[in-house]
Amino acid sequence: MVAMLAFGGTYAYFTASATDKTGSITTGHVKLSVDGEGSTFTGIANNVLPGDELFSDDATLTVTTTDTTGNYVAIRFTITAASGLTLSADSIVADSGNGWYPSGTENIYIYGSNETTCVPVTTTVEVPLSTLILPVTVEDNWDQGNPTQSDKQLMSATITITMEARSIQASNLTDTDAVAQLVGLFD
């Protein structure tokens with residue numbers, strides 16, 4: 001009996017278990033749209049002359065985010081024009097009250113109350129395209145001796161302007177890092 005107790009006895013154990021727990025997390029968003037649907041500007045001018053506006057309408061960006069701090073917005077213009085025609089989008093920042101500031105990278109502009117201020121959670125931002133003007137300094141001559149083109153080929157030329165917009169969250173970024181990241185989104 002003593003041997004049975006020493007070698008083959010019954011033992012009891014305490015145990016425990018827990019139920020699994022799961023949870024679903026929904027991520028936030030940053031959304032950006034330009035003038036609703038479509039991929040072309042409205043109010044494009046035709047037959048422009050030096051000193052004329054290139055657009056009669058401004059563009060509108062709609063910015064929406066779940067980031068309670070807001071987000072940063074930038075635009076970049078790519079302008080393709082005839083050789084000898086220098087055209088820049090810098091005129092959109094000429095009026096300091098319109099909210100656009102140069103980023104330090106050519107043709108990229110940041111929106112805000114200053115160059116490192118994010119915009120509110122949901123807002124509409126105007127891009128003052130009507131301030132883009134064909135430079136008055138453009139000089140060209142159409143000579144009767146060459147009926148197919150003007151001397152500098154600026155008359156009857158095509159100017160193509162492409163505007164891209166980017167947005168980035170404001171939370172968890174410093175102002176200067178946000179601007180640098182935002183400019184990097186165009187690469």
# chains A, B, ... in the order shown; residues from 1 in each chain; ligands from 1

call {"tool": "closest_atom_pairs", "arguments": {"of": "segment 32-60 of chain A", "to": "segment 154-162 of chain A", "cutoff": "10 Å", "atoms": "only C-alpha atoms", "output": "JSON lines"}}
result
{"residue": "A:Ser39", "atom": "CA", "partner": "A:Thr162", "partner_atom": "CA", "distance": 9.8}
{"residue": "A:Thr40", "atom": "CA", "partner": "A:Thr162", "partner_atom": "CA", "distance": 8.9}
{"residue": "A:Phe41", "atom": "CA", "partner": "A:Thr162", "partner_atom": "CA", "distance": 9.1}
{"residue": "A:Asn46", "atom": "CA", "partner": "A:Thr158", "partner_atom": "CA", "distance": 9.8}
{"residue": "A:Asn47", "atom": "CA", "partner": "A:Ser156", "partner_atom": "CA", "distance": 7.7}
{"residue": "A:Val48", "atom": "CA", "partner": "A:Ser156", "partner_atom": "CA", "distance": 9.2}
{"residue": "A:Leu49", "atom": "CA", "partner": "A:Met155", "partner_atom": "CA", "distance": 8.8}
{"residue": "A:Leu54", "atom": "CA", "partner": "A:Ile159", "partner_atom": "CA", "distance": 9.3}

call {"tool": "closest_atom_pairs", "arguments": {"of": "segment 76-162 of chain A", "to": "segment 26-34 of chain A", "cutoff": "12 Å", "atoms": "only C-alpha atoms", "output": "JSON lines"}}
result
{"residue": "A:Val119", "atom": "CA", "partner": "A:Val30", "partner_atom": "CA", "distance": 11.9}
{"residue": "A:Pro120", "atom": "CA", "partner": "A:Val30", "partner_atom": "CA", "distance": 11.7}
{"residue": "A:Val121", "atom": "CA", "partner": "A:Val30", "partner_atom": "CA", "distance": 9.2}
{"residue": "A:Thr122", "atom": "CA", "partner": "A:Lys31", "partner_atom": "CA", "distance": 9.4}
{"residue": "A:Thr123", "atom": "CA", "partner": "A:Leu32", "partner_atom": "CA", "distance": 10.1}
{"residue": "A:Thr124", "atom": "CA", "partner": "A:Ser33", "partner_atom": "CA", "distance": 9.7}
{"residue": "A:Val125", "atom": "CA", "partner": "A:Val34", "partner_atom": "CA", "distance": 9.5}
{"residue": "A:Glu126", "atom": "CA", "partner": "A:Val34", "partner_atom": "CA", "distance": 9.9}
{"residue": "A:Val127", "atom": "CA", "partner": "A:Val34", "partner_atom": "CA", "distance": 9.7}

call {"tool": "write_last_selection", "arguments": {"atoms": "N, CA and C atoms", "output": "CSV table (one decimal), in the first residue's frame"}}
result
chain,number,residue,atom,x,y,z
A,119,VAL,N,-4.7,73.2,-42.8
A,119,VAL,CA,-6.1,73.6,-43.0
A,119,VAL,C,-7.0,72.9,-42.1
A,120,PRO,N,-8.2,73.4,-41.9
A,120,PRO,CA,-9.2,72.7,-41.0
A,120,PRO,C,-9.6,71.3,-41.6
A,121,VAL,N,-10.3,70.6,-40.7
A,121,VAL,CA,-10.7,69.2,-41.0
A,121,VAL,C,-11.4,69.1,-42.4
A,122,THR,N,-12.4,69.9,-42.6
A,122,THR,CA,-13.1,69.9,-43.9
A,122,THR,C,-13.2,71.3,-44.4
A,123,THR,N,-12.7,71.5,-45.5
A,123,THR,CA,-12.7,72.9,-46.1
A,123,THR,C,-12.7,72.9,-47.6
A,124,THR,N,-13.0,74.0,-48.2
A,124,THR,CA,-12.9,74.3,-49.6
A,124,THR,C,-11.8,75.3,-49.8
A,125,VAL,N,-10.9,75.0,-50.7
A,125,VAL,CA,-9.8,75.9,-50.9
A,125,VAL,C,-9.8,76.4,-52.3
A,126,GLU,N,-9.7,77.7,-52.5
A,126,GLU,CA,-9.7,78.3,-53.9
A,126,GLU,C,-8.3,78.4,-54.4
A,127,VAL,N,-8.1,78.0,-55.6
A,127,VAL,CA,-6.9,78.1,-56.3
A,127,VAL,C,-7.1,79.3,-57.4

call {"tool": "select_by_dssp", "arguments": {"residues": "segment 97-187 of chain A", "states": "strand (DSSP E or B)", "output": "list of chain:residue names"}}
result
A:Trp100, A:Tyr101, A:Pro102, A:Ile108, A:Tyr109, A:Ile110, A:Tyr111, A:Val119, A:Thr122, A:Thr123, A:Thr124, A:Val125, A:Glu126, A:Val127, A:Ile133, A:Thr160, A:Ile161, A:Thr162, A:Met163, A:Glu164, A:Ala165, A:Arg166, A:Ser167, A:Ile168, A:Gln169

call {"tool": "atom_distance", "arguments": {"atom1": "atom CA of Val136 of chain A", "atom2": "atom CA of Ala165 of chain A"}}
result
28.3 Å

call {"tool": "residues_around", "arguments": {"residues": "Thr69 of chain A", "least_positions_apart": "2", "cutoff": "12 Å", "atoms": "only C-alpha atoms", "output": "PDB file with all heavy atoms, in the first residue's frame"}}
result
ATOM      1  N   VAL A  30      -7.632  60.890 -45.427  1.00  0.00           N
ATOM      2  CA  VAL A  30      -7.365  62.211 -45.964  1.00  0.00           C
ATOM      3  C   VAL A  30      -7.842  62.149 -47.409  1.00  0.00           C
ATOM      4  O   VAL A  30      -7.375  61.325 -48.182  1.00  0.00           O
ATOM      5  CB  VAL A  30      -5.853  62.549 -45.920  1.00  0.00           C
ATOM      6  CG1 VAL A  30      -5.577  63.863 -46.621  1.00  0.00           C
ATOM      7  CG2 VAL A  30      -5.342  62.570 -44.498  1.00  0.00           C
ATOM      8  N   THR A  64     -10.983  66.905 -47.136  1.00  0.00           N
ATOM      9  CA  THR A  64     -11.713  66.249 -46.057  1.00  0.00           C
ATOM     10  C   THR A  64     -10.784  65.267 -45.364  1.00  0.00           C
ATOM     11  O   THR A  64     -10.065  64.527 -46.026  1.00  0.00           O
ATOM     12  CB  THR A  64     -12.932  65.463 -46.604  1.00  0.00           C
ATOM     13  OG1 THR A  64     -13.712  66.344 -47.402  1.00  0.00           O
ATOM     14  CG2 THR A  64     -13.779  64.904 -45.491  1.00  0.00           C
ATOM     15  N   THR A  65     -10.816  65.258 -44.028  1.00  0.00           N
ATOM     16  CA  THR A  65     -10.000  64.319 -43.272  1.00  0.00           C
ATOM     17  C   THR A  65     -10.680  63.990 -41.958  1.00  0.00           C
ATOM     18  O   THR A  65     -11.484  64.760 -41.455  1.00  0.00           O
ATOM     19  CB  THR A  65      -8.589  64.881 -43.006  1.00  0.00           C
ATOM     20  OG1 THR A  65      -7.813  63.897 -42.328  1.00  0.00           O
ATOM     21  CG2 THR A  65      -8.632  66.136 -42.166  1.00  0.00           C
ATOM     22  N   THR A  66     -10.343  62.844 -41.424  1.00  0.00           N
ATOM     23  CA  THR A  66     -10.806  62.487 -40.080  1.00  0.00           C
ATOM     24  C   THR A  66      -9.799  62.919 -39.024  1.00  0.00           C
ATOM     25  O   THR A  66     -10.058  62.777 -37.839  1.00  0.00           O
ATOM     26  CB  THR A  66     -11.041  60.963 -39.971  1.00  0.00           C
ATOM     27  OG1 THR A  66      -9.841  60.288 -40.346  1.00  0.00           O
ATOM     28  CG2 THR A  66     -12.194  60.528 -40.854  1.00  0.00           C
ATOM     29  N   ASP A  67      -8.672  63.454 -39.454  1.00  0.00           N
ATOM     30  CA  ASP A  67      -7.652  63.957 -38.533  1.00  0.00           C
ATOM     31  C   ASP A  67      -8.198  65.233 -37.892  1.00  0.00           C
ATOM     32  O   ASP A  67      -8.423  66.231 -38.563  1.00  0.00           O
ATOM     33  CB  ASP A  67      -6.360  64.253 -39.301  1.00  0.00           C
ATOM     34  CG  ASP A  67      -5.208  64.662 -38.405  1.00  0.00           C
ATOM     35  OD1 ASP A  67      -5.439  64.979 -37.223  1.00  0.00           O
ATOM     36  OD2 ASP A  67      -4.065  64.683 -38.888  1.00  0.00           O
ATOM     37  N   ASN A  71      -5.210  68.978 -42.016  1.00  0.00           N
ATOM     38  CA  ASN A  71      -4.195  68.451 -42.905  1.00  0.00           C
ATOM     39  C   ASN A  71      -3.573  69.568 -43.712  1.00  0.00           C
ATOM     40  O   ASN A  71      -4.041  70.692 -43.719  1.00  0.00           O
ATOM     41  CB  ASN A  71      -4.731  67.329 -43.793  1.00  0.00           C
ATOM     42  CG  ASN A  71      -5.925  67.703 -44.604  1.00  0.00           C
ATOM     43  OD1 ASN A  71      -6.530  68.740 -44.426  1.00  0.00           O
ATOM     44  ND2 ASN A  71      -6.288  66.868 -45.528  1.00  0.00           N
ATOM     45  N   TYR A  72      -2.469  69.244 -44.352  1.00  0.00           N
ATOM     46  CA  TYR A  72      -1.736  70.195 -45.174  1.00  0.00           C
ATOM     47  C   TYR A  72      -2.078  69.941 -46.629  1.00  0.00           C
ATOM     48  O   TYR A  72      -2.285  68.799 -47.033  1.00  0.00           O
ATOM     49  CB  TYR A  72      -0.232  70.039 -44.972  1.00  0.00           C
ATOM     50  CG  TYR A  72       0.228  70.389 -43.580  1.00  0.00           C
ATOM     51  CD1 TYR A  72       0.250  69.434 -42.570  1.00  0.00           C
ATOM     52  CD2 TYR A  72       0.642  71.686 -43.279  1.00  0.00           C
ATOM     53  CE1 TYR A  72       0.673  69.749 -41.287  1.00  0.00           C
ATOM     54  CE2 TYR A  72       1.063  72.011 -42.004  1.00  0.00           C
ATOM     55  CZ  TYR A  72       1.076  71.043 -41.015  1.00  0.00           C
ATOM     56  OH  TYR A  72       1.496  71.369 -39.760  1.00  0.00           O
ATOM     57  N   THR A 117       1.089  76.153 -41.842  1.00  0.00           N
ATOM     58  CA  THR A 117      -0.156  76.009 -41.092  1.00  0.00           C
ATOM     59  C   THR A 117      -1.085  75.064 -41.840  1.00  0.00           C
ATOM     60  O   THR A 117      -1.329  75.240 -43.034  1.00  0.00           O
ATOM     61  CB  THR A 117      -0.853  77.374 -40.924  1.00  0.00           C
ATOM     62  OG1 THR A 117       0.031  78.248 -40.238  1.00  0.00           O
ATOM     63  CG2 THR A 117      -2.129  77.237 -40.128  1.00  0.00           C
ATOM     64  N   CYS A 118      -1.623  74.096 -41.122  1.00  0.00           N
ATOM     65  CA  CYS A 118      -2.533  73.150 -41.777  1.00  0.00           C
ATOM     66  C   CYS A 118      -3.916  73.780 -41.945  1.00  0.00           C
ATOM     67  O   CYS A 118      -4.247  74.775 -41.313  1.00  0.00           O
ATOM     68  CB  CYS A 118      -2.617  71.858 -40.984  1.00  0.00           C
ATOM     69  SG  CYS A 118      -3.230  72.047 -39.307  1.00  0.00           S
ATOM     70  N   VAL A 119      -4.711  73.162 -42.796  1.00  0.00           N
ATOM     71  CA  VAL A 119      -6.073  73.636 -43.028  1.00  0.00           C
ATOM     72  C   VAL A 119      -7.023  72.855 -42.128  1.00  0.00           C
ATOM     73  O   VAL A 119      -6.685  71.784 -41.629  1.00  0.00           O
ATOM     74  CB  VAL A 119      -6.483  73.476 -44.512  1.00  0.00           C
ATOM     75  CG1 VAL A 119      -5.597  74.324 -45.399  1.00  0.00           C
ATOM     76  CG2 VAL A 119      -6.461  72.044 -44.953  1.00  0.00           C
ATOM     77  N   PRO A 120      -8.231  73.375 -41.911  1.00  0.00           N
ATOM     78  CA  PRO A 120      -9.185  72.680 -41.038  1.00  0.00           C
ATOM     79  C   PRO A 120      -9.578  71.303 -41.562  1.00  0.00           C
ATOM     80  O   PRO A 120      -9.263  70.946 -42.692  1.00  0.00           O
ATOM     81  CB  PRO A 120     -10.392  73.623 -41.032  1.00  0.00           C
ATOM     82  CG  PRO A 120      -9.861  74.944 -41.443  1.00  0.00           C
ATOM     83  CD  PRO A 120      -8.710  74.653 -42.361  1.00  0.00           C
ATOM     84  N   VAL A 121     -10.307  70.577 -40.732  1.00  0.00           N
ATOM     85  CA  VAL A 121     -10.687  69.200 -41.027  1.00  0.00           C
ATOM     86  C   VAL A 121     -11.399  69.080 -42.371  1.00  0.00           C
ATOM     87  O   VAL A 121     -11.053  68.260 -43.203  1.00  0.00           O
ATOM     88  CB  VAL A 121     -11.560  68.642 -39.886  1.00  0.00           C
ATOM     89  CG1 VAL A 121     -12.113  67.279 -40.235  1.00  0.00           C
ATOM     90  CG2 VAL A 121     -10.753  68.578 -38.599  1.00  0.00           C
ATOM     91  N   THR A 122     -12.406  69.867 -42.610  1.00  0.00           N
ATOM     92  CA  THR A 122     -13.099  69.853 -43.890  1.00  0.00           C
ATOM     93  C   THR A 122     -13.209  71.286 -44.364  1.00  0.00           C
ATOM     94  O   THR A 122     -13.732  72.137 -43.652  1.00  0.00           O
ATOM     95  CB  THR A 122     -14.504  69.236 -43.767  1.00  0.00           C
ATOM     96  OG1 THR A 122     -14.372  67.903 -43.302  1.00  0.00           O
ATOM     97  CG2 THR A 122     -15.230  69.229 -45.089  1.00  0.00           C
ATOM     98  N   ILE A 168      -1.702  65.866 -46.853  1.00  0.00           N
ATOM     99  CA  ILE A 168      -1.111  64.968 -45.868  1.00  0.00           C
ATOM    100  C   ILE A 168      -1.683  65.312 -44.498  1.00  0.00           C
ATOM    101  O   ILE A 168      -2.023  66.462 -44.233  1.00  0.00           O
ATOM    102  CB  ILE A 168       0.434  65.063 -45.874  1.00  0.00           C
ATOM    103  CG1 ILE A 168       1.071  63.944 -45.068  1.00  0.00           C
ATOM    104  CG2 ILE A 168       0.893  66.420 -45.394  1.00  0.00           C
ATOM    105  CD1 ILE A 168       2.585  63.844 -45.222  1.00  0.00           C
ATOM    106  N   GLN A 169      -1.801  64.320 -43.664  1.00  0.00           N
ATOM    107  CA  GLN A 169      -2.315  64.517 -42.302  1.00  0.00           C
ATOM    108  C   GLN A 169      -1.461  65.517 -41.547  1.00  0.00           C
ATOM    109  O   GLN A 169      -0.284  65.691 -41.833  1.00  0.00           O
ATOM    110  CB  GLN A 169      -2.326  63.191 -41.553  1.00  0.00           C
ATOM    111  CG  GLN A 169      -0.921  62.703 -41.195  1.00  0.00           C
ATOM    112  CD  GLN A 169      -0.899  61.325 -40.593  1.00  0.00           C
ATOM    113  OE1 GLN A 169      -1.490  60.415 -41.147  1.00  0.00           O
ATOM    114  NE2 GLN A 169      -0.232  61.180 -39.471  1.00  0.00           N
ATOM    115  N   ALA A 170      -2.067  66.166 -40.544  1.00  0.00           N
ATOM    116  CA  ALA A 170      -1.319  67.113 -39.718  1.00  0.00           C
ATOM    117  C   ALA A 170      -0.850  66.475 -38.414  1.00  0.00           C
ATOM    118  O   ALA A 170       0.197  66.833 -37.892  1.00  0.00           O
ATOM    119  CB  ALA A 170      -2.178  68.335 -39.414  1.00  0.00           C
ATOM    120  N   SER A 171      -1.605  65.527 -37.908  1.00  0.00           N
ATOM    121  CA  SER A 171      -1.232  64.898 -36.634  1.00  0.00           C
ATOM    122  C   SER A 171       0.065  64.124 -36.752  1.00  0.00           C
ATOM    123  O   SER A 171       0.359  63.530 -37.790  1.00  0.00           O
ATOM    124  CB  SER A 171      -2.333  63.929 -36.174  1.00  0.00           C
ATOM    125  OG  SER A 171      -3.471  64.648 -35.770  1.00  0.00           O
ATOM    126  N   ASN A 172       0.840  64.157 -35.684  1.00  0.00           N
ATOM    127  CA  ASN A 172       2.085  63.399 -35.553  1.00  0.00           C
ATOM    128  C   ASN A 172       3.192  63.857 -36.496  1.00  0.00           C
ATOM    129  O   ASN A 172       4.130  63.106 -36.765  1.00  0.00           O
ATOM    130  CB  ASN A 172       1.826  61.897 -35.708  1.00  0.00           C
ATOM    131  CG  ASN A 172       0.754  61.416 -34.760  1.00  0.00           C
ATOM    132  OD1 ASN A 172       0.767  61.760 -33.582  1.00  0.00           O
ATOM    133  ND2 ASN A 172      -0.193  60.657 -35.265  1.00  0.00           N
ATOM    134  N   LEU A 173       3.080  65.063 -37.033  1.00  0.00           N
ATOM    135  CA  LEU A 173       4.118  65.650 -37.875  1.00  0.00           C
ATOM    136  C   LEU A 173       4.377  67.075 -37.392  1.00  0.00           C
ATOM    137  O   LEU A 173       3.443  67.794 -37.071  1.00  0.00           O
ATOM    138  CB  LEU A 173       3.671  65.731 -39.335  1.00  0.00           C
ATOM    139  CG  LEU A 173       3.521  64.426 -40.106  1.00  0.00           C
ATOM    140  CD1 LEU A 173       2.819  64.689 -41.432  1.00  0.00           C
ATOM    141  CD2 LEU A 173       4.873  63.798 -40.357  1.00  0.00           C
ATOM    142  N   THR A 174       5.637  67.480 -37.366  1.00  0.00           N
ATOM    143  CA  THR A 174       5.915  68.888 -37.112  1.00  0.00           C
ATOM    144  C   THR A 174       5.569  69.668 -38.366  1.00  0.00           C
ATOM    145  O   THR A 174       5.480  69.096 -39.461  1.00  0.00           O
ATOM    146  CB  THR A 174       7.407  69.124 -36.762  1.00  0.00           C
ATOM    147  OG1 THR A 174       8.192  68.808 -37.918  1.00  0.00           O
ATOM    148  CG2 THR A 174       7.838  68.293 -35.564  1.00  0.00           C
ATOM    149  N   ASP A 175       5.403  70.967 -38.238  1.00  0.00           N
ATOM    150  CA  ASP A 175       5.035  71.791 -39.390  1.00  0.00           C
ATOM    151  C   ASP A 175       6.048  71.661 -40.526  1.00  0.00           C
ATOM    152  O   ASP A 175       5.675  71.453 -41.675  1.00  0.00           O
ATOM    153  CB  ASP A 175       4.930  73.267 -38.979  1.00  0.00           C
ATOM    154  CG  ASP A 175       3.786  73.512 -38.009  1.00  0.00           C
ATOM    155  OD1 ASP A 175       2.901  72.645 -37.900  1.00  0.00           O
ATOM    156  OD2 ASP A 175       3.793  74.576 -37.368  1.00  0.00           O
TER     157      ASP A 175
END
